[in-house]
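First up is the structure itself, then whatever we jot down about it.
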Amino acid sequence: EEPIECTIESVSLESKLNYIALSYAWGDNTRDQPLILNGKLTYITSSLQAALQQLRSFNEIDKKAEVRPVWVDAICINQEDDLEKSWQVQKMGRIFHDAYRVIVWLGPASDSSSMAMEILEQIGVRFKDNSTLELFTSLPQLPENFGEALNDLLSRSWWKRVWVVQEFAVGKNTI
């Protein structure tokens, strides 16, 4: 598969730009996956590459979706400059709060995580349409391995990150 190509530009937080902020777990810090950034080859982690490929596939599926800039910490913050990193970290709450949408990427799907996500989605739809009592009486019979699948999903490294609350909770439109 071809490397992802993107551009980066400096934009003031005061500009009210409609952008997407990506919340993900870095995983292994090895930067061995190619990325074309402003026409130049650079390298990113495999976790970030997988997240960006997933975002790209969403845009390919929904041709009507408006293309929006995406803010990604590993790309938008110079990781070689400790001063810039400390300055930018202070702005992370605002970056996620001001985003048009925060996309949480938990990692690549597995058989068990896909099942857990599907069941949680069904529960969410029913919860939205019913009272709490009706929700629990209308739940489908959960598969025997649902507890294990849910545990696998909730054991992913994203949930263990300190920044989760800030990235997830302050976003106005988090998915």
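Quick note on naming: the chains in the structure tokens go A, B, ... in the order shown, residues restart at 1 in each chain, and ligands are numbered from 1 in order of appearance.
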* To do: With a distance cut-off of 12 Å and only C-alpha atoms, select the neighbouring residues of A:Leu142, excluding the residue or stretch itself and same-chain residues fewer than 6 positions from it, and output the selection as a list in words.
  => Met115, Ala116, Glu118, Ile119, Leu120, Gln122, Ile123, Phe136, Glu148, Ala149 and Leu150 of chain A
* Asked: Mind checking DSSP for stretch 6-85 of chain A and telling me the strand (DSSP E) residues as an MDAnalysis selection string?
  -> chainID A and resid 6 20:24 31:37 40:45 70:71
Residues at most 9 Å from stretch 162-169 of chain A, counting only C-alpha atoms, excluding those fewer than 5 positions away in the same chain, as a short mmCIF file (atom, residue, chain, number, x, y, z; two decimals) with C-alpha atoms, in the first residue's frame?
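Final output, saved to part.cif:
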data_model
loop_
_atom_site.label_atom_id
_atom_site.label_comp_id
_atom_site.auth_asym_id
_atom_site.auth_seq_id
_atom_site.Cartn_x
_atom_site.Cartn_y
_atom_site.Cartn_z
CA ALA A 21 -8.43 15.76 16.57
CA LEU A 22 -7.22 12.16 16.69
CA SER A 23 -6.98 10.41 20.04
CA TYR A 24 -5.00 7.17 19.85
CA MET A 92 -3.92 19.99 24.45
CA GLY A 93 -7.15 20.55 26.38
CA ILE A 95 -6.99 21.63 21.00
CA PHE A 96 -9.38 18.76 21.78
CA HIS A 97 -12.12 21.06 23.08
CA VAL A 102 -12.57 14.07 18.27
CA ILE A 103 -12.05 10.62 16.82
CA VAL A 104 -10.95 7.96 19.27
CA THR A 174 -16.42 12.57 20.23
CA ILE A 175 -16.75 9.32 18.31
#
* Give the answer as one residue: which of A:Leu35, A:Ala25, A:Leu41, A:Ile20 has the shortest atom-to-atom distance to A:Arg156, using only C-alpha atoms? => A:Ala25
* Structure fact -> Counting only C-alpha atoms, closest pick from A:Phe58, A:Phe146, A:Glu9, A:Thr30 relative to A:Thr45 is A:Thr30
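For the set A:Asp152, A:Asp81, A:Asp98, A:Asp32, the residue with the smallest atom-to-atom gap to A:Gln49 is A:Asp32, counting only C-alpha atoms.
Of the residues listed (A:Val125, A:Ile44, A:Leu52, A:Ile4), A:Ile44 shows the shortest atom-to-atom separation from A:Gln79; distances use only C-alpha atoms.
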* To do: List the neighbours of stretch 11-17 of chain A out to 10 Å using only C-alpha atoms; skip same-chain residues closer than 6 positions along the sequence, and give me the result as an NGL selection string.
  => :A and (68-69 or 91 or 94-95 or 98-100)
* To do: Counting only C-alpha atoms, figure out which residue out of A:Trp71, A:Leu154, A:Ser86, A:Gln33 gets nearest to A:Ser10.
  =>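 For A:Ser10, the nearest of the given residues is A:Trp71.
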Using the chain letters and numbers from this document, which residues of stretch 36-98 of chain A does DSSP assign to alpha helix (DSSP H), as a compact mmCIF listing (two decimals) with C-alpha atoms, in the first residue's frame?
# COMPACT_ATOMS: atom_id res chain seq x y z
CA SER A 46 2.78 1.62 13.09
CA SER A 47 -0.09 2.54 15.42
CA LEU A 48 -0.43 6.00 13.89
CA GLN A 49 -0.15 4.60 10.38
CA ALA A 50 -2.98 2.14 11.09
CA ALA A 51 -5.14 4.95 12.56
CA LEU A 52 -4.53 7.20 9.54
CA GLN A 53 -5.28 4.35 7.13
CA GLN A 54 -8.56 3.75 8.96
CA LEU A 55 -9.45 7.46 8.68
CA ARG A 56 -8.60 7.37 4.99
CA SER A 57 -10.82 4.33 4.46
CA PHE A 58 -13.74 6.17 6.13
CA ASN A 59 -13.33 9.00 3.61
CA GLU A 60 -13.19 6.51 0.74
CA ILE A 61 -16.41 4.85 1.92
CA ASP A 73 0.07 15.10 18.14
CA ALA A 74 2.93 13.04 16.68
CA ILE A 75 2.79 15.05 13.45
CA CYS A 76 1.69 18.49 14.62
CA ASP A 82 11.32 19.41 24.25
CA LEU A 83 10.45 23.10 24.58
CA GLU A 84 7.81 22.89 21.86
CA LYS A 85 6.42 19.66 23.32
CA SER A 86 5.99 21.18 26.78
CA TRP A 87 4.39 24.32 25.29
CA GLN A 88 1.99 22.29 23.12
CA VAL A 89 1.04 19.90 25.94
CA MET A 92 -3.92 19.99 24.45
CA GLY A 93 -7.15 20.55 26.38
CA ARG A 94 -8.04 23.47 24.17
CA ILE A 95 -6.99 21.63 21.00
CA PHE A 96 -9.38 18.76 21.78
CA HIS A 97 -12.12 21.06 23.08
CA ASP A 98 -12.08 23.28 20.00
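The shortest atom-to-atom distance to A:Asn173, with only C-alpha atoms taken into account, belongs to A:Asn18 out of A:Glu5, A:Arg126, A:Asn18, A:Asn29.
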